[in-house]
$ cat query_36.cif   # mmCIF, C-alpha atoms
data_data
#
loop_
_atom_site.label_atom_id
_atom_site.label_comp_id
_atom_site.auth_asym_id
_atom_site.auth_seq_id
_atom_site.Cartn_x
_atom_site.Cartn_y
_atom_site.Cartn_z
CA MET A 1 129.86 -33.83 -72.96
CA LYS A 2 126.77 -32.52 -74.76
CA LEU A 3 124.74 -33.35 -71.72
CA THR A 4 126.95 -31.30 -69.46
CA ILE A 5 126.71 -28.29 -71.81
CA ILE A 6 122.93 -28.55 -71.86
CA ALA A 7 122.84 -28.88 -68.08
CA VAL A 8 125.06 -25.81 -67.64
CA ILE A 9 122.91 -23.78 -70.06
CA CYS A 10 119.75 -24.82 -68.22
CA LEU A 11 121.30 -23.92 -64.91
CA MET A 12 122.36 -20.48 -66.16
CA LEU A 13 118.94 -19.84 -67.67
CA SER A 14 117.19 -20.73 -64.45
CA ILE A 15 119.54 -18.49 -62.49
CA VAL A 16 118.74 -15.60 -64.85
CA ILE A 17 115.00 -16.21 -64.54
CA VAL A 18 115.08 -16.51 -60.77
CA SER A 19 117.21 -13.41 -60.32
CA CYS A 20 114.98 -11.43 -62.69
CA GLN A 21 111.91 -12.42 -60.74
CA SER A 22 113.49 -11.52 -57.47
CA GLU A 23 114.60 -8.18 -58.91
CA GLN A 24 110.97 -7.41 -59.81
CA GLU A 25 109.87 -8.72 -56.47
CA LEU A 26 112.39 -6.48 -54.74
CA GLU A 27 111.24 -3.46 -56.74
CA PHE A 28 107.65 -4.20 -55.74
CA LYS A 29 108.65 -4.51 -52.09
CA ARG A 30 110.54 -1.22 -52.23
CA TYR A 31 107.50 0.55 -53.70
CA TYR A 32 105.15 -1.12 -51.23
CA THR A 33 107.23 -0.26 -48.15
CA SER A 34 107.77 3.37 -49.15
CA GLY A 35 104.11 3.59 -50.10
CA LYS A 36 103.08 2.34 -46.69
CA SER A 37 104.94 5.11 -44.89
CA ILE A 38 103.47 7.75 -47.24
CA TYR A 39 100.02 6.28 -46.60
CA GLN A 40 100.53 6.57 -42.86
CA GLN A 41 101.51 10.22 -43.15
CA LYS A 42 99.05 11.43 -45.78
CA CYS A 43 96.08 9.11 -46.02
CA GLN A 44 95.61 7.08 -42.86
CA ASN A 45 93.91 9.73 -40.68
CA CYS A 46 90.92 9.75 -42.99
CA HIS A 47 90.98 6.38 -44.72
CA SER A 48 92.13 4.48 -41.57
CA ALA A 49 94.88 1.94 -41.08
CA LYS A 50 92.62 -0.82 -42.39
CA GLY A 51 91.41 1.17 -45.40
CA GLU A 52 87.83 1.14 -44.16
CA GLY A 53 87.19 4.90 -44.41
CA LEU A 54 84.69 6.44 -42.01
CA SER A 55 81.01 5.48 -42.18
CA GLY A 56 79.34 7.43 -45.00
CA LEU A 57 81.78 10.33 -44.71
CA ILE A 58 85.02 8.99 -46.10
CA PRO A 59 85.09 6.29 -48.77
CA PRO A 60 86.81 2.96 -48.06
CA LEU A 61 89.78 1.70 -50.06
CA ASN A 62 88.85 -1.95 -49.72
CA ASP A 63 86.45 -2.07 -52.66
CA VAL A 64 88.52 -4.19 -55.04
CA GLY A 65 86.24 -3.54 -58.02
CA TYR A 66 86.30 0.25 -57.75
CA LEU A 67 90.07 0.50 -57.48
CA LYS A 68 90.56 -1.87 -60.39
CA LYS A 69 88.12 -0.04 -62.64
CA ASN A 70 89.57 3.37 -61.84
CA LYS A 71 93.23 2.43 -61.65
CA SER A 72 94.39 4.94 -64.23
CA ALA A 73 92.51 7.77 -62.48
CA LEU A 74 94.08 7.12 -59.07
CA ALA A 75 97.24 9.14 -59.79
CA CYS A 76 95.22 12.29 -60.53
CA MET A 77 93.12 11.80 -57.39
CA VAL A 78 96.19 11.39 -55.16
CA LYS A 79 98.09 14.29 -56.73
CA TYR A 80 95.37 16.90 -57.24
CA GLY A 81 92.74 15.79 -54.74
CA ILE A 82 89.02 15.51 -55.37
CA ASN A 83 86.87 18.58 -55.43
CA GLU A 84 83.34 18.11 -54.10
CA THR A 85 82.37 15.41 -56.55
CA ILE A 86 80.20 12.46 -55.74
CA ILE A 87 81.93 9.12 -55.83
CA THR A 88 79.88 5.97 -55.82
CA ILE A 89 81.51 2.91 -54.34
CA ASN A 90 79.61 -0.32 -53.93
CA GLY A 91 76.25 1.46 -54.23
CA LYS A 92 77.08 4.06 -51.57
CA SER A 93 77.73 7.64 -52.56
CA TYR A 94 80.37 9.80 -50.92
CA GLU A 95 80.72 13.52 -51.41
CA GLY A 96 83.14 16.16 -50.29
CA ALA A 97 86.68 17.15 -51.01
CA MET A 98 89.91 15.25 -50.71
CA PRO A 99 92.94 17.52 -50.31
CA ALA A 100 95.68 17.62 -52.95
CA THR A 101 99.16 16.41 -52.01
CA ASP A 102 102.63 17.66 -52.82
CA LEU A 103 103.90 14.17 -53.67
CA ALA A 104 106.37 13.55 -56.49
CA PRO A 105 105.27 11.08 -59.22
CA ILE A 106 107.47 8.34 -57.75
CA GLU A 107 105.79 8.81 -54.36
CA VAL A 108 102.34 8.77 -55.98
CA ALA A 109 103.33 5.48 -57.62
CA GLN A 110 104.51 4.08 -54.29
CA VAL A 111 101.38 5.00 -52.39
CA ILE A 112 99.15 3.64 -55.20
CA THR A 113 101.17 0.43 -55.14
CA TYR A 114 100.61 0.19 -51.39
CA VAL A 115 96.87 0.88 -51.56
CA THR A 116 96.18 -1.36 -54.56
CA ASN A 117 97.95 -4.24 -52.81
CA SER A 118 96.44 -3.82 -49.36
CA PHE A 119 92.97 -4.13 -47.80
CA GLY A 120 92.16 -7.10 -50.06
CA ASN A 121 93.43 -5.48 -53.28
CA LYS A 122 96.05 -7.29 -55.34
CA GLN A 123 96.97 -5.35 -58.45
CA GLY A 124 100.76 -5.52 -58.45
CA ILE A 125 103.14 -2.61 -58.92
CA THR A 126 102.20 0.79 -60.33
CA THR A 127 105.40 2.27 -61.70
CA SER A 128 106.55 5.87 -61.72
CA GLU A 129 106.34 5.81 -65.56
CA GLN A 130 102.70 4.73 -65.44
CA VAL A 131 101.96 7.53 -63.00
CA ASP A 132 103.68 10.05 -65.30
CA ALA A 133 101.50 8.87 -68.17
CA ASP A 134 98.33 8.93 -66.05
CA LEU A 135 99.09 12.45 -64.77
CA GLN A 136 99.19 13.73 -68.36
CA LYS A 137 95.52 12.83 -68.67
CA CYS A 138 94.22 14.57 -65.54
CA LYS A 139 91.11 16.64 -66.10
CA MET B 1 100.45 -9.91 25.61
CA LYS B 2 103.08 -8.45 23.31
CA LYS B 3 102.45 -11.30 20.89
CA LEU B 4 98.72 -10.57 20.94
CA THR B 5 99.14 -6.85 20.16
CA GLY B 6 101.55 -7.83 17.42
CA ALA B 7 99.00 -10.19 15.91
CA ILE B 8 96.24 -7.57 16.16
CA LEU B 9 98.50 -5.01 14.52
CA ILE B 10 99.24 -7.40 11.67
CA ILE B 11 95.55 -8.15 11.19
CA LEU B 12 94.70 -4.44 11.25
CA LEU B 13 97.37 -3.66 8.69
CA TYR B 14 96.21 -6.50 6.52
CA THR B 15 92.58 -5.42 6.55
CA ALA B 16 93.61 -1.80 5.93
CA CYS B 17 95.43 -2.89 2.81
CA LYS B 18 92.55 -5.07 1.74
CA PHE B 19 90.06 -2.23 2.15
CA THR B 20 91.99 0.13 -0.07
CA THR B 21 92.35 -2.41 -2.85
CA ALA B 22 88.66 -3.21 -2.66
CA ASP B 23 87.84 0.47 -3.22
CA GLN B 24 86.61 1.58 -6.62
CA PRO B 25 89.32 3.20 -8.73
CA LYS B 26 88.87 6.98 -8.64
CA LEU B 27 89.38 9.53 -11.37
CA PRO B 28 91.23 12.78 -10.66
CA ILE B 29 89.47 16.16 -10.68
CA PHE B 30 91.03 18.67 -13.07
CA GLY B 31 90.94 22.47 -13.16
CA ASN B 32 91.56 25.26 -10.67
CA ARG B 33 90.20 24.85 -7.17
CA ASP B 34 89.41 27.29 -4.40
CA ALA B 35 89.05 26.87 -0.69
CA VAL B 36 85.84 28.50 0.49
CA THR B 37 85.16 29.10 4.18
CA LYS B 38 81.52 29.14 5.18
CA MET B 39 79.62 29.31 8.45
CA VAL B 40 77.60 26.15 8.93
CA ASN B 41 75.57 25.85 12.15
CA GLY B 42 77.73 28.49 13.80
CA LYS B 43 80.94 26.63 12.90
CA GLU B 44 83.52 27.66 10.36
CA VAL B 45 83.78 25.02 7.64
CA THR B 46 86.33 25.05 4.83
CA ASP B 47 85.26 23.43 1.60
CA THR B 48 86.95 22.88 -1.73
CA VAL B 49 85.22 24.42 -4.72
CA TYR B 50 86.18 22.86 -8.02
CA GLN B 51 86.21 24.52 -11.40
CA THR B 52 83.10 23.62 -13.37
CA ILE B 53 81.91 24.09 -16.95
CA PRO B 54 80.05 27.45 -17.03
CA ASP B 55 76.81 28.33 -18.83
CA PHE B 56 76.73 28.20 -22.59
CA LYS B 57 74.14 28.29 -25.33
CA PHE B 58 74.48 26.40 -28.60
CA VAL B 59 72.31 24.71 -31.21
CA ASN B 60 72.52 20.98 -32.00
CA GLN B 61 72.18 19.14 -35.32
CA TYR B 62 68.38 19.07 -34.96
CA GLY B 63 68.19 22.84 -34.50
CA ASP B 64 67.37 22.48 -30.79
CA SER B 65 68.78 25.01 -28.37
CA ILE B 66 71.27 23.36 -26.00
CA THR B 67 72.53 24.96 -22.79
CA ASN B 68 74.67 23.78 -19.92
CA LYS B 69 71.40 22.82 -18.18
CA SER B 70 70.61 20.35 -20.96
CA LEU B 71 73.55 18.35 -19.62
CA ASN B 72 72.38 18.33 -15.99
CA GLY B 73 72.55 14.78 -14.70
CA TYR B 74 74.76 13.51 -17.50
CA VAL B 75 78.29 12.25 -17.62
CA TYR B 76 79.59 13.48 -20.95
CA VAL B 77 82.55 13.56 -23.30
CA ALA B 78 83.29 16.78 -25.21
CA ASP B 79 85.51 17.41 -28.19
CA PHE B 80 86.13 20.11 -30.80
CA PHE B 81 85.99 19.50 -34.54
CA PHE B 82 84.79 20.89 -37.86
CA THR B 83 83.14 18.97 -40.67
CA THR B 84 85.66 19.91 -43.36
CA CYS B 85 88.68 19.10 -41.19
CA PRO B 86 91.24 17.21 -43.22
CA SER B 87 93.68 16.35 -40.45
CA ILE B 88 92.75 14.72 -37.16
CA CYS B 89 88.94 14.88 -37.06
CA PRO B 90 88.20 11.74 -39.08
CA ILE B 91 90.42 9.65 -36.83
CA MET B 92 88.92 11.30 -33.72
CA HIS B 93 85.39 10.56 -34.78
CA ARG B 94 86.28 7.05 -35.90
CA ASN B 95 87.43 6.53 -32.31
CA MET B 96 84.48 8.46 -30.84
CA LEU B 97 82.15 6.11 -32.74
CA ASN B 98 83.50 3.32 -30.51
CA VAL B 99 82.50 5.36 -27.43
CA TYR B 100 79.08 6.03 -29.00
CA LYS B 101 78.49 2.36 -29.82
CA GLU B 102 79.40 1.35 -26.27
CA TYR B 103 77.18 3.87 -24.44
CA LYS B 104 74.46 5.05 -26.84
CA SER B 105 71.72 3.34 -24.86
CA VAL B 106 72.97 4.51 -21.44
CA SER B 107 70.43 7.09 -20.28
CA ASP B 108 72.78 9.35 -18.30
CA PHE B 109 75.60 9.61 -20.82
CA LYS B 110 76.15 11.95 -23.79
CA ILE B 111 78.77 13.01 -26.29
CA ILE B 112 78.99 16.64 -27.43
CA SER B 113 81.14 17.76 -30.34
CA HIS B 114 81.61 21.51 -30.67
CA SER B 115 82.14 22.81 -34.19
CA ILE B 116 84.88 25.44 -34.28
CA ASP B 117 83.80 26.56 -37.76
CA PRO B 118 80.16 27.62 -37.23
CA LYS B 119 80.17 29.75 -40.38
CA HIS B 120 80.41 26.66 -42.56
CA ASP B 121 78.93 24.12 -40.15
CA SER B 122 75.30 25.22 -40.15
CA VAL B 123 72.61 23.09 -38.54
CA ALA B 124 71.90 21.51 -41.93
CA VAL B 125 75.57 20.70 -42.49
CA LEU B 126 75.84 19.18 -39.00
CA LYS B 127 72.71 17.07 -39.57
CA LYS B 128 74.11 15.75 -42.82
CA TYR B 129 77.43 14.98 -41.11
CA ALA B 130 75.57 13.12 -38.34
CA ASP B 131 73.60 11.10 -40.88
CA LYS B 132 76.71 10.22 -42.86
CA LEU B 133 78.56 9.31 -39.68
CA GLY B 134 75.65 7.05 -38.82
CA ILE B 135 74.60 8.59 -35.50
CA LYS B 136 70.97 8.87 -34.47
CA GLY B 137 68.90 10.09 -31.53
CA ASN B 138 70.15 12.33 -28.75
CA SER B 139 73.17 10.54 -27.33
CA TRP B 140 75.65 12.44 -29.54
CA TRP B 141 75.07 16.12 -30.15
CA LEU B 142 76.97 18.17 -32.69
CA LEU B 143 76.87 21.77 -31.49
CA GLN B 144 77.41 25.12 -33.13
CA GLY B 145 77.02 28.68 -31.93
CA LYS B 146 78.95 31.89 -31.53
CA LYS B 147 82.54 31.30 -32.46
CA GLU B 148 83.98 33.33 -29.56
CA GLU B 149 81.83 31.44 -27.09
CA THR B 150 83.04 28.09 -28.40
CA TYR B 151 86.68 29.19 -28.34
CA GLN B 152 86.39 30.63 -24.83
CA LEU B 153 84.70 27.50 -23.55
CA GLY B 154 87.50 25.42 -25.05
CA GLU B 155 90.35 27.43 -23.66
CA LYS B 156 89.03 28.61 -20.30
CA SER B 157 86.87 25.67 -19.27
CA TYR B 158 87.89 22.51 -21.04
CA LEU B 159 91.45 23.82 -21.10
CA VAL B 160 92.16 22.74 -24.65
CA SER B 161 93.62 24.94 -27.34
CA VAL B 162 91.33 26.10 -30.16
CA LYS B 163 92.09 28.90 -32.58
CA GLU B 164 92.00 30.04 -36.17
CA ASP B 165 95.21 29.85 -38.18
CA SER B 166 95.35 30.09 -41.95
CA GLY B 167 98.76 28.41 -41.90
CA THR B 168 97.51 24.98 -40.85
CA PRO B 169 95.62 22.55 -43.09
CA GLY B 170 91.92 23.36 -42.92
CA GLY B 171 92.64 26.75 -41.31
CA TYR B 172 92.20 25.91 -37.62
CA VAL B 173 94.47 24.81 -34.83
CA HIS B 174 92.91 22.38 -32.47
CA GLN B 175 93.99 19.47 -30.39
CA GLY B 176 92.35 16.11 -30.48
CA TRP B 177 91.46 15.89 -26.82
CA PHE B 178 88.37 14.08 -25.60
CA VAL B 179 87.38 15.72 -22.30
CA LEU B 180 85.45 13.66 -19.76
CA VAL B 181 83.05 15.66 -17.57
CA ASP B 182 81.13 14.37 -14.54
CA LYS B 183 77.57 15.10 -13.36
CA GLN B 184 78.85 17.98 -11.21
CA LYS B 185 80.32 19.47 -14.43
CA ARG B 186 83.91 18.95 -13.33
CA VAL B 187 86.58 17.79 -15.81
CA ARG B 188 87.67 14.29 -14.83
CA GLY B 189 89.89 13.18 -17.68
CA TYR B 190 91.72 14.04 -20.88
CA TYR B 191 92.25 11.47 -23.61
CA ASP B 192 94.01 11.82 -26.95
CA GLY B 193 91.17 11.22 -29.39
CA THR B 194 93.57 10.21 -32.14
CA ASP B 195 94.97 7.35 -30.06
CA GLU B 196 92.86 4.21 -30.06
CA LYS B 197 94.44 2.95 -26.82
CA GLN B 198 93.60 6.13 -24.90
CA VAL B 199 90.05 6.01 -26.21
CA THR B 200 89.77 2.43 -24.94
CA LYS B 201 90.86 3.77 -21.53
CA LEU B 202 88.20 6.48 -21.81
CA ILE B 203 85.55 3.84 -22.45
CA GLY B 204 86.63 2.15 -19.20
CA ASP B 205 86.80 5.41 -17.24
CA ILE B 206 83.25 6.39 -18.27
CA LYS B 207 82.06 3.23 -16.58
CA ILE B 208 83.94 4.19 -13.37
CA LEU B 209 82.47 7.69 -13.45
CA LEU B 210 78.91 6.50 -14.06
CA ALA B 211 79.25 4.11 -11.10
CA GLU B 212 80.75 6.83 -8.89
CA THR B 213 78.01 9.38 -9.48
CA ASN B 214 75.31 6.78 -9.10
CA THR B 215 76.59 5.80 -5.65
CA THR B 216 76.90 9.46 -4.63
CA ILE B 217 73.30 10.00 -5.56
CA ALA B 218 72.20 6.88 -3.70
CA GLN B 219 73.73 8.16 -0.43
#

$ encode --input "query_36.cif" --output "structure tokens"
Amino acid sequence: MKLTIIAVICLMLSIVIVSCQSEQELEFKRYYTSGKSIYQQKCQNCHSAKGEGLSGLIPPLNDVGYLKKNKSALACMVKYGINETIITINGKSYEGAMPATDLAPIEVAQVITYVTNSFGNKQGITTSEQVDADLQKCK
Amino acid sequence: MKKLTGAILIILLYTACKFTTADQPKLPIFGNRDAVTKMVNGKEVTDTVYQTIPDFKFVNQYGDSITNKSLNGYVYVADFFFTTCPSICPIMHRNMLNVYKEYKSVSDFKIISHSIDPKHDSVAVLKKYADKLGIKGNSWWLLQGKKEETYQLGEKSYLVSVKEDSGTPGGYVHQGWFVLVDKQKRVRGYYDGTDEKQVTKLIGDIKILLAETNTTIAQ
């Protein structure tokens, strides 16, 4: 009898864990898929479908170290653009402006989730709440 | 006898078909054309005159003066861009780089990119753009000059639309066409520079055009 109770509890626990994981997984997939379509509309012309940028003119998005180090600054860059500053990625400097976008925080979060999990990056989800917090700190 | 003529006819037809397939693929000639009647050796001869790219005068990224004559004897691809263009230019030049890489050491081929924002795109700005893009030498010229001249050349000769419009991102309307021009300065092809597949076709068509003009010269 005891054994059956324990077995049932274990089964229920594992169901809860599995469904929780898949809920997170689903949320990530939703962000990633929406982010991909935003990327194609707003970012791809310059940064390319493979995230390689364009020679020395437009910085690549496949530098895992740079994106990791500057993760909390990405929201501000996407939302407000970059104004003629010099960005150094992997020893190469890029200058020039990146245009601002009219994306809502949730869309910023989606496109960051897409970029930081593509082109060799693997940072997991960036939530809308994180983006809200990051946007408070824009310079 | 009937059988023999039949057989000859079949053979003739067969060879006719074979000849046409063996021919080099030809590219169309674009633009307006006129029929001109001339007297040659006392006989009236009608000839087709094709629209050609007229004279122009611009400056390239090295500060050298470039005219239509500088392109005599070259097959070339022309496009319109500006260095601060946020929309289609990066993708166009990412694709144009493939054309450049393929043909940069071919002596009778060039690429010319006309800036439609000469006020910002000075010679120094164009040189910096070229360096950052990673292009060297004289196989790809970035040109700037009088704005009206560039716009006129685009609309009247290359037949692509170029104009200023504060309503569009970056402030200019322009289409991403790559225009292929032959050694007689006739437009021979239009390719969407934002479409990788069409640019691949362009790379193939350049080869056809280079072969065509070389055989014409040999005759």

$ closest_residue --input "query_36.cif" --among "B:Ser70, B:Thr84, B:Asn60, B:Gln175" --to "chain A" --atoms "only C-alpha atoms"
B:Thr84

$ closest_atom_pairs --input "query_36.cif" --of "chain B" --to "chain A" --cutoff "10 Å" --atoms "all atoms listed in the file" --output "Markdown table"
| residue | atom | partner | partner_atom | distance |
| --- | --- | --- | --- | --- |
| B:Thr83 | CA | A:Leu57 | CA | 9.6 |
| B:Thr84 | CA | A:Ala97 | CA | 8.2 |
| B:Cys85 | CA | A:Cys46 | CA | 9.8 |
| B:Pro86 | CA | A:Pro99 | CA | 7.3 |
| B:Ser87 | CA | A:Asn45 | CA | 6.6 |
| B:Ile88 | CA | A:Asn45 | CA | 6.2 |
| B:Cys89 | CA | A:Asn45 | CA | 8.0 |
| B:Pro90 | CA | A:Cys46 | CA | 5.2 |
| B:Ile91 | CA | A:Asn45 | CA | 5.2 |
| B:Met92 | CA | A:Asn45 | CA | 8.7 |
| B:His93 | CA | A:Leu54 | CA | 8.4 |
| B:Arg94 | CA | A:Leu54 | CA | 6.3 |
| B:Leu97 | CA | A:Ser55 | CA | 9.5 |
| B:Lys128 | CA | A:Leu57 | CA | 9.6 |
| B:Tyr129 | CA | A:Leu57 | CA | 7.3 |
| B:Ala130 | CA | A:Leu57 | CA | 9.3 |
| B:Asp131 | CA | A:Gly56 | CA | 8.0 |
| B:Lys132 | CA | A:Gly56 | CA | 4.4 |
| B:Leu133 | CA | A:Ser55 | CA | 5.2 |
| B:Gly134 | CA | A:Ser55 | CA | 6.5 |
| B:Ile135 | CA | A:Ser55 | CA | 9.8 |
| B:Pro169 | CA | A:Pro99 | CA | 9.2 |
| B:Gly170 | CA | A:Pro99 | CA | 9.5 |
| B:Thr194 | CA | A:Asn45 | CA | 8.6 |

$ residues_around --input "query_36.cif" --residues "segment 144-161 of chain B" --least-positions-apart "3" --cutoff "7 Å" --atoms "only C-alpha atoms" --output "VMD selection string"
chain B and resid 53 58 to 60 114 to 116 118 174 to 175 179

$ atom_distance --input "query_36.cif" --atom1 "atom CA of Tyr191 of chain B" --atom2 "atom CA of Ile29 of chain B"
14.0 Å

$ resolve_selection --input "query_36.cif" --expression "the PyMOL selection byres ((chain A and resi 109) around 9)" --output "list in words"
Tyr31, Gly35, Ala75, Ala104, Pro105, Ile106, Glu107, Val108, Gln110, Val111, Ile112, Thr113, Tyr114, Ile125, Thr126, Thr127, Ser128, Glu129, Gln130, Val131 and Asp132 of chain A

$ resolve_selection --input "query_36.cif" --expression "the PyMOL selection byres ((chain B and resi 199) around 12)" --output "VMD selection string"
chain B and resid 77 91 to 100 102 176 to 180 189 to 198 200 to 206

$ closest_residue --input "query_36.cif" --among "B:Leu143, B:Val75, B:Met39, B:Ala124" --to "Val106 of chain B" --atoms "only C-alpha atoms"
B:Val75

$ atom_distance --input "query_36.cif" --atom1 "atom CA of Asp134 of chain A" --atom2 "atom CA of Lys68 of chain A"
14.5 Å

$ atom_distance --input "query_36.cif" --atom1 "atom CA of Val125 of chain B" --atom2 "atom CA of Asn72 of chain B"
26.8 Å

$ resolve_selection --input "query_36.cif" --expression "the PyMOL selection byres ((chain B and resi 32) around 6)" --output "list of chain:residue names"
B:Gly31, B:Arg33, B:Gln51

$ residues_around --input "query_36.cif" --residues "Ser93 of chain A" --least-positions-apart "2" --cutoff "10 Å" --atoms "all atoms listed in the file" --output "VMD selection string"
chain A and resid 56 to 59 85 to 91 95

$ closest_residue --input "query_36.cif" --among "A:Val64, A:Met77, A:Val8, A:Ile15" --to "Asn121 of chain A" --atoms "only C-alpha atoms"
A:Val64
